[in-house]
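Enquirer: So here's work-v1.csv, just CSV, C-alpha atoms:
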chain,number,residue,atom,x,y,z
A,1,MET,CA,9.6,-4.3,10.0
A,2,LEU,CA,12.9,-2.6,11.0
A,3,ASN,CA,14.3,-3.4,7.6
A,4,PHE,CA,11.3,-1.6,6.0
A,5,ILE,CA,11.7,1.4,8.3
A,6,SER,CA,15.5,1.7,7.6
A,7,SER,CA,14.8,1.4,3.8
A,8,GLU,CA,12.2,4.2,4.0
A,9,ILE,CA,14.6,6.4,6.1
A,10,PHE,CA,17.3,5.7,3.5
A,11,LYS,CA,15.0,6.8,0.6
A,12,LEU,CA,13.6,9.8,2.3
A,13,ARG,CA,17.0,11.0,3.4
A,14,HIS,CA,18.0,11.2,-0.2
A,15,LYS,CA,14.8,12.8,-1.4
A,16,LEU,CA,15.6,16.3,-0.1
A,17,ARG,CA,12.5,17.8,-1.8
A,18,SER,CA,10.1,15.4,-0.1
A,19,TRP,CA,11.1,16.1,3.5
A,20,LEU,CA,12.8,19.5,3.5
A,21,GLY,CA,10.2,21.1,1.2
A,22,PRO,CA,7.3,20.7,3.6
A,23,LEU,CA,9.4,21.9,6.6
A,24,LEU,CA,10.5,25.0,4.7
A,25,ILE,CA,6.9,25.8,3.6
A,26,MET,CA,5.8,25.4,7.2
A,27,ILE,CA,8.5,28.0,8.3
A,28,LEU,CA,7.6,30.3,5.4
A,29,VAL,CA,3.9,30.3,6.2
A,30,LEU,CA,4.5,30.9,9.9
A,31,ILE,CA,6.9,33.8,9.2
A,32,ALA,CA,4.9,35.3,6.3
A,33,PHE,CA,1.5,35.3,8.0
A,34,PRO,CA,2.4,37.8,10.8
A,35,LEU,CA,4.3,40.0,8.3
A,36,SER,CA,1.4,40.1,5.8
A,37,ILE,CA,-1.3,41.4,8.0
A,38,ASP,CA,-1.4,44.6,10.1
A,39,ILE,CA,-2.7,43.7,13.4
A,40,SER,CA,-1.5,44.3,17.0
A,41,GLN,CA,0.4,41.7,19.0
A,42,TYR,CA,-2.6,41.2,21.2
A,43,ASP,CA,-4.7,40.1,18.2
A,44,LEU,CA,-1.9,38.0,16.7
A,45,ASN,CA,-1.8,35.9,19.8
A,46,LYS,CA,-5.5,35.0,19.2
A,47,PHE,CA,-5.1,34.3,15.5
A,48,PHE,CA,-1.7,32.6,15.3
A,49,PHE,CA,-2.8,29.2,16.4
A,50,SER,CA,-5.4,29.1,13.6
A,51,VAL,CA,-2.5,29.6,11.2
A,52,ILE,CA,-0.4,26.8,12.7
A,53,VAL,CA,-3.4,24.4,12.5
A,54,VAL,CA,-4.2,25.3,8.9
A,55,ALA,CA,-0.5,25.2,7.9
A,56,LEU,CA,-0.2,21.7,9.6
A,57,LEU,CA,-3.2,20.5,7.6
A,58,MET,CA,-2.1,21.8,4.3
A,59,ILE,CA,1.5,20.7,4.6
A,60,SER,CA,0.6,17.2,5.8
A,61,PHE,CA,-1.6,17.2,2.7
A,62,LEU,CA,1.4,18.1,0.5
A,63,ALA,CA,3.9,15.9,2.3
A,64,THR,CA,1.9,12.7,1.8
A,65,GLU,CA,0.8,13.3,-1.8
A,66,SER,CA,3.5,11.1,-3.3
A,67,ILE,CA,4.0,8.8,-0.4
A,68,PHE,CA,3.2,5.7,-2.5
A,69,SER,CA,3.2,6.9,-6.1
A,70,GLU,CA,6.9,6.7,-6.6
A,71,ASP,CA,7.1,3.0,-5.5
A,72,TYR,CA,4.0,2.3,-7.6
A,73,GLU,CA,5.4,3.9,-10.7
A,74,ASP,CA,8.9,2.6,-10.7
A,75,GLY,CA,7.8,-1.0,-10.0
A,76,SER,CA,9.1,-1.2,-6.4
A,77,LEU,CA,5.7,-2.2,-5.1
A,78,GLU,CA,5.6,-5.2,-7.4
A,79,GLN,CA,9.0,-6.3,-6.1
A,80,LEU,CA,7.8,-5.8,-2.5
A,81,HIS,CA,4.7,-7.9,-3.3
A,82,LEU,CA,7.1,-10.9,-4.0
A,83,VAL,CA,8.5,-10.6,-0.5
A,84,GLU,CA,5.5,-9.5,1.5
A,85,LYS,CA,2.1,-10.6,0.2
A,86,ASP,CA,0.5,-8.1,2.6
A,87,PHE,CA,1.6,-4.5,2.4
A,88,TYR,CA,0.6,-3.8,6.0
A,89,LYS,CA,4.2,-3.7,7.4
A,90,VAL,CA,5.4,-1.7,4.4
A,91,VAL,CA,2.7,0.9,4.7
A,92,LEU,CA,3.1,1.2,8.5
A,93,ALA,CA,6.9,1.6,8.0
A,94,LYS,CA,6.3,4.3,5.5
A,95,ILE,CA,3.8,6.2,7.6
A,96,ILE,CA,6.0,5.9,10.7
A,97,THR,CA,9.0,7.2,8.8
A,98,TYR,CA,7.1,10.2,7.3
A,99,VAL,CA,5.7,11.1,10.7
A,100,PHE,CA,9.1,10.9,12.4
A,101,LEU,CA,11.0,12.7,9.7
A,102,ILE,CA,8.4,15.2,8.5
A,103,GLY,CA,5.5,15.3,11.0
A,104,PHE,CA,7.4,15.6,14.2
A,105,PRO,CA,9.8,18.3,12.9
A,106,MET,CA,6.6,20.2,11.7
A,107,ALA,CA,5.2,19.9,15.2
A,108,LEU,CA,8.5,21.2,16.6
A,109,ILE,CA,8.5,24.2,14.2
A,110,GLY,CA,4.8,24.9,15.2
A,111,SER,CA,5.6,24.8,18.9
A,112,VAL,CA,8.7,27.0,18.5
A,113,PHE,CA,6.6,29.6,16.6
A,114,SER,CA,3.9,29.4,19.2
A,115,ILE,CA,6.5,30.5,21.9
A,116,ALA,CA,7.2,33.5,19.7
A,117,ASN,CA,3.5,34.3,19.7
A,118,GLY,CA,2.6,34.3,23.4
A,119,ILE,CA,2.7,30.7,24.6
A,120,SER,CA,4.8,30.2,27.7
A,121,LEU,CA,7.9,27.9,27.6
A,122,GLN,CA,6.2,25.6,30.0
A,123,ASP,CA,3.2,25.2,27.7
A,124,ALA,CA,5.3,24.7,24.5
A,125,PRO,CA,5.9,20.9,25.1
A,126,LYS,CA,2.1,20.5,25.3
A,127,ILE,CA,1.7,22.3,22.0
A,128,PHE,CA,4.4,20.0,20.5
A,129,ILE,CA,2.6,16.9,21.7
A,130,ILE,CA,-0.8,17.8,20.3
A,131,LEU,CA,0.7,18.9,17.0
A,132,ALA,CA,2.7,15.7,16.8
A,133,THR,CA,-0.3,13.6,17.6
A,134,SER,CA,-2.3,15.5,14.9
A,135,THR,CA,0.4,14.8,12.3
A,136,LEU,CA,0.2,11.1,13.1
A,137,ILE,CA,-3.6,11.1,12.4
A,138,LEU,CA,-3.3,13.4,9.4
A,139,PHE,CA,-0.5,11.5,7.7
A,140,ASN,CA,-2.6,8.3,8.1
A,141,VAL,CA,-5.7,9.9,6.6
A,142,PHE,CA,-3.8,11.5,3.7
A,143,ALA,CA,-1.7,8.4,3.0
A,144,PHE,CA,-5.1,6.6,2.5
A,145,GLY,CA,-6.1,9.3,0.1
A,146,SER,CA,-2.8,9.0,-1.8
A,147,ALA,CA,-3.2,5.3,-2.1
A,148,LEU,CA,-6.9,5.6,-3.2
A,149,SER,CA,-6.0,7.3,-6.5
A,150,ILE,CA,-2.4,6.2,-7.0
A,151,ASN,CA,-2.8,5.5,-10.7
A,152,LYS,CA,-4.9,8.6,-11.4
A,153,GLY,CA,-2.5,11.1,-9.8
A,154,SER,CA,-2.5,10.9,-6.0
A,155,MET,CA,-3.7,14.5,-5.4
A,156,LEU,CA,-7.3,13.5,-6.3
A,157,GLY,CA,-7.5,10.9,-3.6
A,158,VAL,CA,-5.8,13.2,-1.1
A,159,LEU,CA,-8.4,15.8,-1.8
A,160,ALA,CA,-11.1,13.2,-1.4
A,161,SER,CA,-9.8,12.3,2.0
A,162,LEU,CA,-9.7,15.9,3.1
A,163,PRO,CA,-13.1,15.8,4.8
A,164,LEU,CA,-11.8,13.0,7.0
A,165,ALA,CA,-9.1,15.4,8.3
A,166,LEU,CA,-11.6,18.1,9.4
A,167,PRO,CA,-12.6,16.4,12.7
A,168,VAL,CA,-8.9,16.2,13.5
A,169,ILE,CA,-8.7,20.0,13.0
A,170,VAL,CA,-11.7,20.6,15.2
A,171,LEU,CA,-10.1,18.4,17.9
A,172,LEU,CA,-6.7,20.1,17.5
A,173,GLY,CA,-8.4,23.5,17.9
A,174,ARG,CA,-10.1,22.3,21.1
A,175,ALA,CA,-6.7,21.0,22.4
A,176,VAL,CA,-5.1,24.3,21.7
A,177,ARG,CA,-7.8,26.2,23.6
A,178,THR,CA,-7.2,23.9,26.6
A,179,VAL,CA,-3.5,24.9,26.6
A,180,GLN,CA,-4.4,28.6,26.3
A,181,TYR,CA,-7.0,28.4,29.1
A,182,GLY,CA,-5.2,25.8,31.3
A,183,SER,CA,-7.9,23.2,31.8
A,184,GLY,CA,-8.9,19.8,30.4
A,185,PHE,CA,-5.7,19.4,28.4
A,186,PHE,CA,-5.0,15.8,29.3
A,187,GLU,CA,-8.5,14.7,28.6
A,188,VAL,CA,-8.4,16.0,25.0
A,189,LEU,CA,-4.8,14.7,24.6
A,190,ALA,CA,-5.9,11.2,25.7
A,191,LEU,CA,-8.7,11.3,23.1
A,192,MET,CA,-6.3,12.4,20.4
A,193,VAL,CA,-3.6,9.8,21.3
A,194,GLY,CA,-6.4,7.1,21.3
A,195,ILE,CA,-7.6,8.1,17.9
A,196,GLY,CA,-4.0,8.3,16.7
A,197,LEU,CA,-3.2,4.8,17.8
A,198,ILE,CA,-6.5,3.3,16.4
A,199,VAL,CA,-6.0,5.1,13.1
A,200,THR,CA,-2.4,3.9,12.9
A,201,ALA,CA,-3.4,0.3,13.6
A,202,ILE,CA,-6.3,0.2,11.1
A,203,MET,CA,-5.4,2.6,8.3
A,204,PRO,CA,-2.4,0.6,7.0
A,205,MET,CA,-4.7,-2.4,6.6
A,206,ILE,CA,-7.1,-0.4,4.4
A,207,ILE,CA,-4.2,1.2,2.5
A,208,SER,CA,-2.6,-2.2,2.0
A,209,ALA,CA,-5.8,-3.6,0.4
A,210,THR,CA,-6.1,-0.4,-1.7
A,211,LEU,CA,-2.6,-0.7,-3.0
A,212,LYS,CA,-3.1,-4.4,-3.9
A,213,THR,CA,-6.2,-3.6,-5.8
A,214,HIS,CA,-4.3,-1.0,-7.8
A,215,LEU,CA,-1.4,-3.4,-8.6
A,216,GLU,CA,-3.9,-5.7,-10.3
B,1,MET,CA,9.6,-32.0,-9.2
B,2,GLN,CA,6.8,-29.9,-10.8
B,3,LEU,CA,7.4,-26.4,-9.6
B,4,ILE,CA,4.3,-24.8,-11.2
B,5,THR,CA,1.2,-26.4,-12.6
B,6,ALA,CA,-1.3,-24.1,-14.3
B,7,SER,CA,-4.7,-25.5,-15.2
B,8,ASN,CA,-7.3,-24.0,-17.6
B,9,LEU,CA,-5.9,-20.5,-17.1
B,10,GLY,CA,-7.9,-17.8,-18.8
B,11,TYR,CA,-7.8,-14.0,-18.7
B,12,SER,CA,-10.1,-11.4,-20.2
B,13,ILE,CA,-10.0,-7.7,-20.0
B,14,ASN,CA,-12.8,-5.3,-21.2
B,15,ASP,CA,-14.6,-8.2,-22.8
B,16,LYS,CA,-11.4,-9.0,-24.8
B,17,ARG,CA,-10.2,-12.6,-24.2
B,18,LEU,CA,-6.4,-12.6,-24.1
B,19,PHE,CA,-6.0,-16.4,-23.6
B,20,HIS,CA,-8.1,-19.3,-22.3
B,21,ASN,CA,-7.8,-22.9,-21.2
B,22,LEU,CA,-4.1,-22.5,-20.8
B,23,THR,CA,-2.6,-25.6,-19.2
B,24,PHE,CA,1.1,-26.2,-18.6
B,25,SER,CA,3.6,-27.2,-16.0
B,26,LEU,CA,7.2,-26.4,-15.2
B,27,ASP,CA,9.7,-28.7,-13.6
B,28,SER,CA,12.7,-27.7,-11.5
B,29,GLY,CA,15.6,-26.8,-13.6
B,30,CYS,CA,13.5,-26.2,-16.7
B,31,ALA,CA,12.8,-23.1,-18.7
B,32,LEU,CA,9.6,-21.9,-20.3
B,33,HIS,CA,9.7,-19.3,-23.0
B,34,ILE,CA,6.4,-17.5,-23.4
B,35,LYS,CA,6.0,-16.2,-27.0
B,36,GLY,CA,3.4,-14.2,-28.7
B,37,GLY,CA,2.7,-10.9,-30.5
B,38,ASN,CA,2.3,-7.6,-28.8
B,39,GLY,CA,-0.8,-7.5,-26.6
B,40,SER,CA,-1.1,-11.3,-26.6
B,41,GLY,CA,-0.9,-11.4,-22.8
B,42,LYS,CA,2.6,-12.6,-22.2
B,43,SER,CA,3.3,-10.0,-19.4
B,44,THR,CA,-0.2,-10.6,-18.0
B,45,LEU,CA,0.5,-14.3,-17.8
B,46,ILE,CA,3.7,-13.6,-15.9
B,47,ARG,CA,1.9,-11.3,-13.5
B,48,ILE,CA,-0.8,-14.0,-13.0
B,49,LEU,CA,1.9,-16.5,-12.1
B,50,LEU,CA,3.4,-14.0,-9.7
B,51,GLY,CA,0.1,-13.4,-8.0
B,52,LEU,CA,0.1,-9.7,-9.0
B,53,THR,CA,-3.0,-10.1,-11.3
B,54,ALA,CA,-5.9,-12.4,-10.7
B,55,ALA,CA,-6.7,-14.8,-13.5
B,56,SER,CA,-10.3,-14.7,-14.9
B,57,LYS,CA,-10.5,-18.5,-14.5
B,58,GLY,CA,-8.3,-21.5,-13.8
B,59,ASN,CA,-5.9,-22.2,-11.1
B,60,ILE,CA,-2.1,-22.4,-10.4
B,61,GLU,CA,-0.5,-24.8,-8.0
B,62,PHE,CA,3.0,-24.4,-6.7
B,63,GLY,CA,5.0,-27.5,-6.0
B,64,LYS,CA,7.0,-25.9,-3.2
B,65,PRO,CA,5.7,-23.9,-0.3
B,66,ASN,CA,7.3,-20.4,0.2
B,67,LEU,CA,8.8,-20.5,-3.3
B,68,SER,CA,11.4,-17.7,-3.7
B,69,ILE,CA,11.0,-15.8,-6.9
B,70,SER,CA,13.3,-13.3,-8.6
B,71,TYR,CA,11.4,-11.1,-11.0
B,72,LEU,CA,12.1,-8.3,-13.4
B,73,GLY,CA,9.2,-6.9,-15.3
B,74,HIS,CA,8.8,-3.8,-17.6
B,75,LYS,CA,9.5,-1.5,-14.6
B,76,ASN,CA,13.1,-1.5,-13.3
B,77,ALA,CA,12.2,-0.8,-9.7
B,78,ILE,CA,15.2,1.5,-9.2
B,79,LYS,CA,15.3,4.9,-7.7
B,80,THR,CA,16.4,7.6,-10.1
B,81,TYR,CA,17.4,10.0,-7.4
B,82,LEU,CA,19.9,7.6,-5.9
B,83,THR,CA,23.3,6.7,-7.4
B,84,LEU,CA,23.8,3.2,-8.8
B,85,MET,CA,25.7,2.1,-5.6
B,86,GLN,CA,23.0,3.6,-3.3
B,87,ASN,CA,20.4,1.6,-5.3
B,88,LEU,CA,22.4,-1.6,-4.6
B,89,GLU,CA,22.6,-0.6,-0.9
B,90,LEU,CA,18.8,-0.1,-0.9
B,91,ILE,CA,18.0,-3.4,-2.7
B,92,PHE,CA,20.4,-5.8,-1.2
B,93,LYS,CA,20.9,-7.0,2.4
B,94,PRO,CA,24.5,-6.7,3.6
B,95,ALA,CA,25.1,-10.4,3.2
B,96,ILE,CA,24.3,-10.3,-0.6
B,97,PHE,CA,25.7,-6.8,-1.2
B,98,PRO,CA,29.3,-7.9,-2.2
B,99,LEU,CA,27.8,-10.3,-4.8
B,100,ALA,CA,25.7,-7.5,-6.2
B,101,VAL,CA,28.8,-5.4,-6.5
B,102,ASP,CA,30.6,-8.2,-8.3
B,103,TRP,CA,27.8,-8.3,-10.8
B,104,MET,CA,28.0,-4.5,-11.2
B,105,HIS,CA,31.7,-4.9,-12.2
B,106,SER,CA,30.9,-7.8,-14.5
B,107,LEU,CA,28.2,-5.8,-16.3
B,108,GLY,CA,30.6,-2.9,-16.9
B,109,LEU,CA,28.9,-0.5,-14.6
B,110,THR,CA,31.9,0.3,-12.3
B,111,GLN,CA,32.6,3.6,-14.0
B,112,VAL,CA,29.1,4.9,-13.4
B,113,GLN,CA,28.7,3.5,-9.8
B,114,ASP,CA,28.5,7.0,-8.3
B,115,GLU,CA,26.4,8.5,-11.1
B,116,MET,CA,22.8,9.4,-10.4
B,117,THR,CA,20.7,6.6,-11.9
B,118,ALA,CA,18.6,9.3,-13.7
B,119,ASN,CA,21.7,10.2,-15.7
B,120,LEU,CA,22.3,6.6,-16.8
B,121,SER,CA,21.4,5.3,-20.3
B,122,PHE,CA,18.4,3.0,-20.7
B,123,GLY,CA,20.7,0.0,-21.1
B,124,GLN,CA,22.7,0.9,-18.0
B,125,GLN,CA,19.5,1.2,-16.0
B,126,LYS,CA,18.3,-2.1,-17.3
B,127,LYS,CA,21.6,-3.7,-16.3
B,128,LEU,CA,21.2,-2.3,-12.8
B,129,ALA,CA,17.7,-3.7,-12.6
B,130,LEU,CA,19.0,-7.1,-13.7
B,131,ILE,CA,21.5,-7.2,-10.8
B,132,ARG,CA,18.4,-7.7,-8.6
B,133,VAL,CA,17.8,-11.0,-10.4
B,134,LEU,CA,21.5,-12.0,-10.9
B,135,ALA,CA,22.5,-11.6,-7.2
B,136,ASN,CA,19.4,-12.8,-5.5
B,137,PRO,CA,19.2,-16.6,-4.9
B,138,ALA,CA,15.8,-17.9,-5.9
B,139,ASP,CA,14.0,-21.1,-6.8
B,140,LEU,CA,12.3,-19.5,-9.8
B,141,ILE,CA,13.4,-16.6,-12.1
B,142,MET,CA,10.7,-14.8,-14.0
B,143,LEU,CA,11.8,-12.2,-16.6
B,144,ASP,CA,9.7,-10.1,-18.9
B,145,GLU,CA,11.7,-9.1,-22.0
B,146,PRO,CA,15.1,-9.2,-20.2
B,147,PHE,CA,17.3,-8.7,-23.3
B,148,VAL,CA,15.7,-5.4,-24.4
B,149,GLY,CA,18.2,-2.5,-24.2
B,150,LEU,CA,21.2,-4.8,-23.5
B,151,ASP,CA,24.4,-4.7,-25.5
B,152,HIS,CA,25.7,-7.9,-27.1
B,153,SER,CA,28.2,-8.8,-24.3
B,154,SER,CA,25.6,-8.2,-21.6
B,155,ARG,CA,23.1,-10.4,-23.5
B,156,ASN,CA,25.7,-13.2,-23.6
B,157,LEU,CA,26.4,-12.7,-19.9
B,158,LEU,CA,22.7,-12.9,-19.0
B,159,SER,CA,22.2,-16.0,-21.2
B,160,ASN,CA,25.2,-17.7,-19.6
B,161,PHE,CA,24.0,-16.9,-16.2
B,162,LEU,CA,20.5,-18.3,-17.0
B,163,GLN,CA,22.1,-21.4,-18.4
B,164,GLU,CA,24.1,-21.9,-15.2
B,165,GLN,CA,21.0,-21.4,-13.1
B,166,LEU,CA,19.1,-24.0,-15.0
B,167,ALA,CA,22.0,-26.4,-14.5
B,168,LEU,CA,21.7,-25.7,-10.8
B,169,GLY,CA,18.1,-26.8,-10.8
B,170,ILE,CA,16.6,-23.3,-10.8
B,171,SER,CA,13.6,-22.8,-13.0
B,172,LEU,CA,13.0,-20.0,-15.5
B,173,ILE,CA,10.0,-18.4,-17.1
B,174,LEU,CA,10.7,-15.6,-19.6
B,175,THR,CA,9.1,-13.6,-22.4
B,176,SER,CA,11.4,-12.4,-25.1
B,177,HIS,CA,11.2,-11.4,-28.7
B,178,ILE,CA,14.9,-12.0,-28.8
B,179,ASP,CA,16.1,-15.6,-28.9
B,180,PRO,CA,17.4,-16.4,-25.4
B,181,GLU,CA,19.7,-19.1,-26.8
B,182,LEU,CA,18.5,-21.4,-24.0
B,183,ASN,CA,17.1,-24.9,-24.0
B,184,CYS,CA,13.5,-23.9,-23.3
B,185,SER,CA,10.0,-25.3,-23.7
B,186,GLU,CA,7.9,-22.8,-25.6
B,187,LEU,CA,4.4,-21.5,-24.9
B,188,ILE,CA,2.9,-19.5,-27.8
B,189,LEU,CA,0.1,-17.2,-26.9
B,190,SER,CA,-2.3,-16.2,-29.6
B,191,GLU,CA,-6.0,-15.1,-29.7
B,192,ASP,CA,-7.1,-18.7,-29.9
B,193,THR,CA,-4.6,-20.1,-27.5
B,194,ASN,CA,-5.9,-23.4,-26.2
B,195,ALA,CA,-2.8,-25.2,-25.0
Could I get this file's structure written as structure tokens?
Expert:
Amino acid sequence: MLNFISSEIFKLRHKLRSWLGPLLIMILVLIAFPLSIDISQYDLNKFFFSVIVVALLMISFLATESIFSEDYEDGSLEQLHLVEKDFYKVVLAKIITYVFLIGFPMALIGSVFSIANGISLQDAPKIFIILATSTLILFNVFAFGSALSINKGSMLGVLASLPLALPVIVLLGRAVRTVQYGSGFFEVLALMVGIGLIVTAIMPMIISATLKTHLE
Amino acid sequence: MQLITASNLGYSINDKRLFHNLTFSLDSGCALHIKGGNGSGKSTLIRILLGLTAASKGNIEFGKPNLSISYLGHKNAIKTYLTLMQNLELIFKPAIFPLAVDWMHSLGLTQVQDEMTANLSFGQQKKLALIRVLANPADLIMLDEPFVGLDHSSRNLLSNFLQEQLALGISLILTSHIDPELNCSELILSEDTNA
């Protein structure tokens, strides 16, 4: 498992576009939004979280679009199949790497920008945790979408899996409100972490079966 | 020892029968050259033996549990955004890496070791992909058109390597339109293959 993770880190580290691109887009969206509309600081505090949440959704969507397609197209998946008959560990390693190298920095950027928009320094770590947990769930869901249509252009499958991400967005919105209003945060966080762990345990199994079907 | 025994293998796709009732076996240290025209199912047969594609009928038995296989198919399984050396780092464990570097030198790739793989020629990319087979110890080597894109000296190098492996008791299955110059059994696929 550690070998797979270190291989994925090695590959992603050299694919500047794949990890830096989503982070730059995230920063760009969060800077551009307040500049592009003419509303008071008071109103911006209310709206800004919606922008962070939508940016997180869309950029998770973009970041995972080619998560498996490269290995499928260049034949690396075939080679992996000779070593590991089941892709579970490979898929899990890929998702963990993407979450750590792209998802968590996205969550950090989101929480930093939330400080600039009215969230106190004490509450910023809470925002980071809920955004990080959300990326864990979203990356799993979109990775499934990407695997689903890997030989037809992954975007189609990622789009098809978009409805699965909507409950995560509803939950994330609820979690943000608990931070803003100061009650019930840990209950919602526990729910999100629980969902995140279940999804991370189950989704690689489904994705593994999907990839094997496509290899045939 | 019989390494692979295939019985009554058949494969059809979109109602088109590629081959049927294919029965053969391969002993340790022996080579099997799968021949046939384009679209006759050579690559599919190799994928079936690898377990990548399911046969429509028949079964395959392996004489050794946990058989280690080195395989190179039509896809090179190399990363075009990495340099040649970085690809070797990615593919090989530290213990085998020096051997892979030796093969890189033998194949005349030293001068391009720091080039992006995307900038290498087709033949150079093929050589890089072949190092995966050359440096990896295995019980069975499966190659799908391994000589395509290789210059004369690299072809000889590969043929000699394969000959040495056969002498060491390692088995080989390959498809090639180019004569591999090896002592091989031949399996010829055609529409009415009934071997």
Enquirer: Show me, as a PyMOL selection string, every residue of chain B with an atom at most 12 Å from chain A, counting only C-alpha atoms.
Expert: chain B and resi 13+44+47-56+66-83+86-94+116+125+129+132-133+138+140-142
Enquirer: I'd like the contact shell of Phe142 (chain A) - 6 Å cut-off, only C-alpha atoms, skipping same-chain residues fewer than 3 positions apart - returned as a PDB file with C-alpha atoms, in the coordinates of the input.
Expert:
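Everything below was put into result-v2.pdb:
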ATOM      1  CA  PHE A 139      -0.500  11.500   7.700  1.00  0.00           C
ATOM      2  CA  GLY A 145      -6.100   9.300   0.100  1.00  0.00           C
ATOM      3  CA  VAL A 158      -5.800  13.200  -1.100  1.00  0.00           C
TER       4      VAL A 158
END
Enquirer: Please indicate the distance in Å from CA of Ile131 (chain B) to CA of Leu99 (chain B), rounded to one decimal place.
Expert: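 Taking CA of Ile131 (chain B) and CA of Leu99 (chain B), their separation equals 9.2 Å.
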Enquirer: So, counting all atoms listed in the file, which residue among B:Ser28, B:Ser159, B:Ser106, B:Ser43 is closest to Asp139 (chain B)?
Expert: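 Ranked by minimum distance to Asp139 (chain B), first place goes to B:Ser28.
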Enquirer: Determine, counting only C-alpha atoms, which protein, DNA and RNA residues have an atom within 12 Å of an atom of Gly36 (chain B); residues of the same chain fewer than 5 positions away are not included. Present the result as a PyMOL selection string.
Expert: chain B and resi 18-19+41-45+145+174-178+186-193
Enquirer: Which is closer to Ile150 (chain A) than all the others in A:Ile169, A:Leu211, A:Val179, A:Ala63, using all atoms listed in the file?
Expert: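 Residue with the minimum atom-to-atom distance to Ile150 (chain A): A:Leu211.
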Enquirer: Could you jot down the CA of Asp151 (chain B) to CA of His33 (chain B) separation for me, Å, one decimal place?
Expert: 20.9 Å
Enquirer: I'd like to know which of B:Phe122, B:Phe147, B:Phe97, B:Phe24 is closest to Asp179 (chain B), using all atoms listed in the file.
Expert: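 Under the stated criterion, the closest residue is B:Phe147.
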Enquirer: Would you mind listing what lies within 10 Å of Val176 (chain A) as a list in words, with all atoms listed in the file counted and same-chain residues fewer than 4 positions away left out?
Expert: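 With the cut-off at 10 Å, the set is Phe49, Ser50, Val53, Lys126, Ile127, Ile130, Leu131, Val170, Leu171, Leu172, Gln180, Tyr181, Gly182, Phe185 and Val188 of chain A.
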Enquirer: Go through B:Leu157, B:Ile96, B:Leu3, B:Val148 one by one, measure the shortest atom-to-atom distance of each to Gly108 (chain B) using all atoms listed in the file, and give the residue with the smallest value.
Expert: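 Smallest distance to Gly108 (chain B) is found for B:Leu157.
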Enquirer: Ranking A:Ser114, A:Ile207, A:Ser183, A:Lys46 by minimum distance to Leu148 (chain A) and counting all atoms listed in the file, which one comes first?
Expert: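 Among the listed residues, the smallest separation from Leu148 (chain A) belongs to A:Ile207.
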Enquirer: Considering only C-alpha atoms, can you say which of A:Ala32, A:Ile206, A:Val90, A:Val99 comes closest to Met1 (chain A)?
Expert: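 So, comparing all the options, the nearest one is A:Val90.
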Enquirer: Need to verify the contact set: Ala31 (chain B), 7 Å, only C-alpha atoms, exclusion of same-chain residues closer than 4 positions in sequence. Can you return it as a list in words?
Expert: Ser171, Leu172, Ile173, Cys184 and Ser185 of chain B
Enquirer: CA of Arg177 (chain A) and CA of Glu65 (chain A), how far apart in Å?
Expert: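 Computing it gives 29.8 Å between the two atoms.
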Enquirer: Using only C-alpha atoms, which protein or nucleic acid residues come within 9 Å of Ile109 (chain A)? Drop anything in the same chain fewer than 2 positions from it, and give the result as a PyMOL selection string.
Expert: chain A and resi 23+26-27+30+104-107+111-114+128
